[in-house]
Structures are given as C-alpha cells and as structure tokens.
$ cat coords.txt   # compact mmCIF, C-alpha atoms
# COMPACT_ATOMS: atom_id res chain seq x y z
CA MET A 1 0.00 0.00 0.00
CA ASN A 2 1.22 3.51 -0.86
CA ILE A 3 0.67 6.03 1.94
CA ALA A 4 0.84 9.83 1.99
CA LEU A 5 1.41 11.46 5.37
CA ILE A 6 -0.31 14.77 6.10
CA GLY A 7 1.52 16.11 9.13
CA TYR A 8 5.08 14.98 9.75
CA GLY A 9 5.53 15.64 13.44
CA ARG A 10 5.97 13.04 16.15
CA MET A 11 2.83 11.14 15.18
CA GLY A 12 3.71 11.29 11.50
CA HIS A 13 7.14 9.84 12.16
CA GLU A 14 5.69 7.05 14.34
CA ILE A 15 3.06 6.20 11.73
CA GLU A 16 5.80 6.05 9.10
CA ARG A 17 7.82 3.66 11.27
CA ILE A 18 4.86 1.34 11.81
CA ALA A 19 3.79 1.50 8.16
CA LEU A 20 7.26 0.56 6.92
CA SER A 21 7.46 -2.30 9.42
CA ARG A 22 4.20 -3.68 7.98
CA GLY A 23 5.55 -3.60 4.42
CA HIS A 24 3.93 -0.38 3.17
CA ASN A 25 5.49 2.54 1.28
CA VAL A 26 5.38 6.18 2.35
CA ILE A 27 5.51 8.00 -0.99
CA CYS A 28 4.64 11.56 0.05
CA ARG A 29 4.98 13.69 3.18
CA VAL A 30 3.01 16.93 3.50
CA ASP A 31 3.78 19.39 6.27
CA VAL A 32 3.43 23.13 6.90
CA GLY A 33 6.49 23.91 4.81
CA ASN A 34 5.50 22.09 1.61
CA GLN A 35 1.74 22.48 1.12
CA GLU A 36 2.31 22.35 -2.64
CA ALA A 37 2.81 18.58 -2.20
CA PHE A 38 -0.99 18.22 -2.19
CA GLU A 39 -0.83 18.90 -5.95
CA SER A 40 2.09 16.54 -6.61
CA PRO A 41 1.81 13.32 -8.63
CA GLU A 42 3.25 11.46 -5.65
CA PHE A 43 0.36 12.53 -3.45
CA ALA A 44 -2.20 11.61 -6.12
CA ALA A 45 -0.64 8.14 -6.37
CA ALA A 46 -1.29 7.34 -2.70
CA ASP A 47 -3.85 4.67 -1.84
CA VAL A 48 -4.57 6.45 1.44
CA ALA A 49 -3.48 9.69 3.10
CA VAL A 50 -3.07 9.60 6.89
CA GLU A 51 -3.76 12.99 8.47
CA PHE A 52 -2.65 14.01 11.99
CA THR A 53 -2.33 17.79 12.20
CA ALA A 54 -4.28 20.50 14.07
CA PRO A 55 -8.03 21.25 14.33
CA SER A 56 -7.58 24.50 12.38
CA ALA A 57 -5.96 22.68 9.43
CA ALA A 58 -7.68 19.29 9.29
CA TYR A 59 -10.82 20.25 7.36
CA ASP A 60 -8.85 21.91 4.55
CA ASN A 61 -6.40 19.00 4.49
CA VAL A 62 -9.22 16.50 4.02
CA LYS A 63 -10.84 18.58 1.28
CA ARG A 64 -7.53 18.95 -0.57
CA ALA A 65 -6.96 15.18 -0.39
CA PHE A 66 -10.47 14.58 -1.73
CA ALA A 67 -9.76 17.00 -4.57
CA ALA A 68 -6.76 14.84 -5.49
CA GLY A 69 -8.94 11.72 -5.43
CA VAL A 70 -7.20 10.26 -2.37
CA LYS A 71 -8.89 8.44 0.51
CA VAL A 72 -8.18 9.86 3.98
CA VAL A 73 -7.63 8.51 7.47
CA SER A 74 -7.85 11.42 9.93
CA GLY A 75 -7.00 11.31 13.61
CA THR A 76 -7.19 15.06 14.20
CA THR A 77 -9.83 15.98 16.78
CA GLY A 78 -11.71 19.23 17.28
CA TRP A 79 -13.02 19.65 13.72
CA PHE A 80 -15.14 16.66 12.66
CA GLU A 81 -18.42 17.31 14.48
CA ALA A 82 -18.78 20.75 12.89
CA HIS A 83 -18.40 19.17 9.45
CA ARG A 84 -20.05 15.78 10.00
CA GLN A 85 -23.02 16.40 7.66
CA GLU A 86 -20.75 17.60 4.86
CA MET A 87 -18.46 14.59 5.29
CA GLU A 88 -21.47 12.26 5.19
CA SER A 89 -22.54 13.90 1.94
CA LEU A 90 -19.08 13.85 0.37
CA CYS A 91 -18.59 10.22 1.33
CA GLY A 92 -21.95 9.15 -0.05
CA ASN A 93 -23.58 8.26 3.27
CA SER A 94 -26.44 10.67 2.54
CA VAL A 95 -27.77 12.55 -0.48
CA GLY A 96 -24.90 14.56 -1.95
CA GLU A 97 -21.85 14.40 -4.14
CA GLY A 98 -20.51 11.15 -2.70
CA GLY A 99 -17.60 9.22 -4.05
CA HIS A 100 -15.01 10.07 -1.37
CA THR A 101 -13.77 8.04 1.58
CA LEU A 102 -12.91 9.25 5.09
CA PHE A 103 -12.00 7.12 8.09
CA TRP A 104 -12.21 9.36 11.16
CA SER A 105 -11.75 8.52 14.81
CA SER A 106 -11.11 10.55 17.94
CA ASN A 107 -8.58 7.88 18.95
CA PHE A 108 -6.97 5.11 16.88
CA SER A 109 -5.52 3.13 19.78
CA VAL A 110 -6.51 -0.53 19.76
CA GLY A 111 -6.62 -0.38 23.56
CA VAL A 112 -8.94 2.64 23.50
CA ALA A 113 -11.25 0.81 21.08
CA ILE A 114 -11.51 -2.01 23.64
CA PHE A 115 -11.87 0.52 26.48
CA SER A 116 -14.70 2.24 24.59
CA ALA A 117 -16.56 -1.07 24.26
CA VAL A 118 -16.14 -1.69 28.00
CA ASN A 119 -17.34 1.86 28.68
CA ARG A 120 -20.56 1.28 26.71
CA TYR A 121 -21.14 -2.07 28.42
CA LEU A 122 -20.59 -0.63 31.90
CA ALA A 123 -22.89 2.33 31.14
CA GLY A 124 -25.61 -0.16 30.18
CA ILE A 125 -25.29 -1.80 33.61
CA MET A 126 -25.15 1.52 35.49
CA ASP A 127 -28.34 2.70 33.81
CA GLY A 128 -30.15 0.54 36.35
CA PHE A 129 -28.36 1.93 39.43
CA GLU A 130 -29.52 5.48 40.09
CA GLY A 131 -27.37 5.87 43.20
CA TYR A 132 -24.23 6.27 41.08
CA GLY A 133 -23.16 9.55 39.56
CA VAL A 134 -20.68 9.58 36.70
CA SER A 135 -17.75 11.85 35.85
CA MET A 136 -14.58 11.72 33.77
CA GLU A 137 -10.98 12.91 33.88
CA GLU A 138 -8.52 13.09 30.99
CA THR A 139 -4.84 14.05 30.93
CA HIS A 140 -2.69 14.80 27.88
CA HIS A 141 0.59 16.47 26.97
CA VAL A 142 0.84 20.27 26.98
CA HIS A 143 0.97 20.40 23.15
CA LYS A 144 -2.61 19.11 22.74
CA LEU A 145 -4.76 22.00 21.55
CA ASP A 146 -8.30 20.78 22.28
CA ALA A 147 -9.80 20.22 25.72
CA PRO A 148 -11.59 18.06 26.58
CA SER A 149 -10.02 15.53 24.27
CA GLY A 150 -11.97 14.07 21.39
CA THR A 151 -11.70 10.65 23.04
CA ALA A 152 -13.24 11.98 26.25
CA ILE A 153 -16.10 13.56 24.31
CA THR A 154 -16.72 10.27 22.48
CA LEU A 155 -16.68 8.29 25.73
CA ALA A 156 -19.02 10.79 27.39
CA SER A 157 -21.43 10.71 24.44
CA ALA A 158 -21.73 6.93 24.74
CA ILE A 159 -22.59 7.27 28.43
CA GLU A 160 -25.11 10.05 27.79
CA GLU A 161 -26.82 8.01 25.08
CA THR A 162 -27.04 4.95 27.37
CA ILE A 163 -27.92 6.30 30.82
CA GLY A 164 -31.25 8.11 30.70
CA ARG A 165 -30.66 10.21 33.84
CA VAL A 166 -27.34 11.62 32.58
CA ASP A 167 -27.67 14.76 30.49
CA LYS A 168 -24.01 15.79 30.50
CA VAL A 169 -20.99 13.91 31.84
CA PRO A 170 -18.66 16.38 33.59
CA ILE A 171 -15.14 16.15 32.20
CA THR A 172 -12.03 17.51 33.93
CA SER A 173 -9.06 18.08 31.62
CA TYR A 174 -5.38 18.30 32.57
CA ARG A 175 -2.41 19.20 30.36
CA GLU A 176 0.87 17.98 31.81
CA GLY A 177 4.34 17.42 30.38
CA GLU A 178 4.49 14.81 27.62
CA VAL A 179 1.66 12.53 28.83
CA PRO A 180 0.43 10.54 25.78
CA GLY A 181 -3.09 10.19 27.18
CA ILE A 182 -5.02 8.99 30.25
CA HIS A 183 -8.81 8.63 30.39
CA THR A 184 -10.73 7.65 33.52
CA VAL A 185 -14.47 7.12 33.88
CA LYS A 186 -15.68 7.22 37.50
CA TYR A 187 -19.00 6.07 38.96
CA GLU A 188 -19.47 7.16 42.58
CA SER A 189 -22.18 6.39 45.13
CA ASP A 190 -22.40 7.01 48.87
CA ALA A 191 -20.97 3.53 49.40
CA ASP A 192 -18.19 3.13 46.85
CA ILE A 193 -16.42 4.20 43.67
CA ILE A 194 -15.99 2.25 40.42
CA ARG A 195 -13.26 3.43 38.04
CA ILE A 196 -12.13 2.26 34.62
CA THR A 197 -8.96 3.76 33.16
CA HIS A 198 -7.01 3.59 29.94
CA GLU A 199 -3.45 4.92 30.04
CA ALA A 200 -1.33 5.15 26.91
CA LYS A 201 2.35 4.43 27.52
CA ASN A 202 3.46 5.96 24.21
CA ARG A 203 2.18 6.82 20.73
CA SER A 204 2.84 3.41 19.18
CA GLY A 205 -0.68 2.12 19.88
CA LEU A 206 -2.19 5.14 18.12
CA ALA A 207 0.16 4.75 15.17
CA LEU A 208 -0.56 1.03 14.82
CA GLY A 209 -4.31 1.67 14.87
CA ALA A 210 -3.95 4.42 12.26
CA VAL A 211 -2.02 2.11 9.92
CA MET A 212 -4.58 -0.67 10.46
CA ALA A 213 -7.30 1.86 9.62
CA ALA A 214 -5.40 2.83 6.45
CA GLU A 215 -5.21 -0.83 5.45
CA TYR A 216 -8.97 -1.14 5.96
CA THR A 217 -9.70 2.14 4.17
CA ALA A 218 -7.71 1.08 1.11
CA ARG A 219 -10.26 -1.74 0.62
CA HIS A 220 -13.47 0.08 1.59
CA THR A 221 -15.40 3.25 0.78
CA GLY A 222 -17.66 5.75 2.53
CA LEU A 223 -17.54 7.36 5.97
CA LEU A 224 -15.75 4.84 8.19
CA GLY A 225 -14.84 4.49 11.85
CA MET A 226 -13.40 2.16 14.47
CA LYS A 227 -16.62 0.15 14.72
CA ASP A 228 -16.18 -0.74 11.04
CA LEU A 229 -12.59 -1.80 11.62
CA PHE A 230 -13.08 -3.91 14.77
CA GLY A 231 -16.79 -4.72 14.77
CA PHE A 232 -17.43 -3.76 18.40

$ encode --input "coords.txt" --output "structure tokens"
Amino acid sequence: MNIALIGYGRMGHEIERIALSRGHNVICRVDVGNQEAFESPEFAAADVAVEFTAPSAAYDNVKRAFAAGVKVVSGTTGWFEAHRQEMESLCGNSVGEGGHTLFWSSNFSVGVAIFSAVNRYLAGIMDGFEGYGVSMEETHHVHKLDAPSGTAITLASAIEETIGRVDKVPITSYREGEVPGIHTVKYESDADIIRITHEAKNRSGLALGAVMAAEYTARHTGLLGMKDLFGF
C-alpha cells in the first residue's frame, strides 16, 4: 500500500515507522512547509493519506486530499463534528456528491477501542443503578490544543446516550508534560467508587491503529470508523 502522510511531526514519524514495518510505502509527506505537495503526482498516487495535524488545518487538508482523489484517514480531533453532515454527503452516506472516503476517529488506539466497548457495556449496567453519579478525567501532553479531548467527548457521548438520567458527563481536563493520554471514567455512590482507566504508555498504539485503519480504508469506501474496523 502507498501512503501519503499529512503532518510529519511526532505522530507522522511514528506512523511512518509502523507502516514501513508492515511492508507499506510512504511515498509523500506533506507538512506546513511544503503544502504544494498536495498537488504533486506522488500525493495523487497514494492509496490512502493519513492525516494528523491540528483542528484548524484538518478540514482543509481532508478537502484537498479529496480533490486529489485520495482516501483519507484522519486522527485530528476538534473539527469533525462541525463538518459531520458535509463529510457524510461527500462520502456518499447521505444525499450529496458522494464518491469520497474518510475514516475518522477521535482515537486510533486498539486499547482505546476495547476501552470504549467496556465503557458502553458498563454504562448499560449503570443505567439501572440510580445511586451512582458519573464523571470523567482526561490528561494529555501540553501540546494538545483541544480540551476536553476528542476521546473523552466520544466516551461521554456513549454514556449520555445509554444512561437516561445523565444529560451531560462532567469532564475535567489536565495538560501535563508529555503525557500521551489517560482517560478515567468514574462512577461514585455514597458507598463506593468504580473506576475504569485507559493509560497510553506511548504513541505506538495510536500509530498502529492508524495504519490498520489505512489498510482497511484502502479496501473500503464511505464514511468509516473504528466500529467498522473492529466490529465492536
């Protein structure tokens, strides 16, 4: 598979390392200093572009990749919800232009995908126990621009959709050092506390998930997500 990288920072380098180890080719790298690469023949030859940049740049990056006829895997948070309807239209999931493919997730970690499934299952149980309130904490490195994190918002949404008495899960965000990412869901009653936590040790889990998503996206079309990739 031929991959184009949009964003060549720490995540871009880690994705490249994982992609090469799985036998893929990185044929184009787009960063802030060479935006003209979007119009290059190398970019157009990519099977999939993997995009990890900033919320302010992601939407334009995706649209420029679509214009080049390239499928996109995007892990940038803080932009997708505002453009969800347009992405559904562009990817043919509703009436519109269609024909493009976007795989978007707030977190590509395999462990977080499992954690999210556990979170939904636990919320289903806790729906029947009104004595428990729910809250969340998330911690990331100081370079992360959005707060709360996209992963925390996704986890909270699953709880809000499952537990009828919960309108809004309170989320406390911390930005410390170089922390890759910690998410904790807490249920507390007068008698006890139940916590589930996912803690990333490094970026390799995210990079592996992104490459796995690119492999899946190369073979599929439409607006895709982690449920499509893993089935849970």

$ residues_near_point --input "coords.txt" --point "(-19.6, 5.3, 38.5)" --cutoff "8 Å" --atoms "all atoms listed in the file" --output "PyMOL selection string"
chain A and resi 126+132-135+185-189+193-195

$ closest_atom_pairs --input "coords.txt" --of "stretch 11-57 of chain A" --to "stretch 202-223 of chain A" --cutoff "8 Å" --atoms "all atoms listed in the file" --output "Markdown table"
| residue | atom | partner | partner_atom | distance |
| --- | --- | --- | --- | --- |
| A:Met11 | CA | A:Ala207 | CA | 6.9 |
| A:Glu14 | CA | A:Ala207 | CA | 6.0 |
| A:Ile15 | CA | A:Ala207 | CA | 4.7 |
| A:Ile18 | CA | A:Leu208 | CA | 6.2 |
| A:Ala19 | CA | A:Val211 | CA | 6.1 |
| A:Asp47 | CA | A:Ala218 | CA | 6.0 |
| A:Val48 | CA | A:Ala218 | CA | 6.2 |
| A:Ala49 | CA | A:Ala214 | CA | 7.9 |
| A:Val50 | CA | A:Ala214 | CA | 7.2 |

$ write_last_selection --input "coords.txt" --atoms "C-alpha atoms" --output "short mmCIF file (atom, residue, chain, number, x, y, z; two decimals), in the frame of the given file"
data_model
loop_
_atom_site.label_atom_id
_atom_site.label_comp_id
_atom_site.auth_asym_id
_atom_site.auth_seq_id
_atom_site.Cartn_x
_atom_site.Cartn_y
_atom_site.Cartn_z
CA MET A 11 2.83 11.14 15.18
CA GLU A 14 5.69 7.05 14.34
CA ILE A 15 3.06 6.20 11.73
CA ILE A 18 4.86 1.34 11.81
CA ALA A 19 3.79 1.50 8.16
CA ASP A 47 -3.85 4.67 -1.84
CA VAL A 48 -4.57 6.45 1.44
CA ALA A 49 -3.48 9.69 3.10
CA VAL A 50 -3.07 9.60 6.89
#

$ closest_residue --input "coords.txt" --among "A:Glu137, A:Asp228, A:Glu130, A:Glu161" --to "A:Asp190" --atoms "all atoms listed in the file"
A:Glu130

$ closest_residue --input "coords.txt" --among "A:Ile6, A:Leu122, A:Ala37, A:Val179" --to "A:Gly75" --atoms "all atoms listed in the file"
A:Ile6

$ residues_around --input "coords.txt" --residues "A:Phe103" --least-positions-apart "6" --cutoff "6 Å" --atoms "only C-alpha atoms" --output "PyMOL selection string"
chain A and resi 73+223-225

$ closest_residue --input "coords.txt" --among "A:Ala67, A:Ala57, A:Leu20, A:Ala44" --to "A:Val32" --atoms "only C-alpha atoms"
A:Ala57

$ atom_distance --input "coords.txt" --atom1 "atom CA of A:Pro148" --atom2 "atom CA of A:Glu160"
15.8 Å

$ atom_distance --input "coords.txt" --atom1 "atom CA of A:Ala46" --atom2 "atom CA of A:Gly9"
19.4 Å

$ axis_aligned_box --input "coords.txt" --around "stretch 140-154 of chain A" --padding-each-side "6 Å" --output "lines of an AutoDock Vina configuration file"
center_x = -7.9
center_y = 16.1
center_z = 24.6
size_x = 29.7
size_y = 23.7
size_z = 18.5
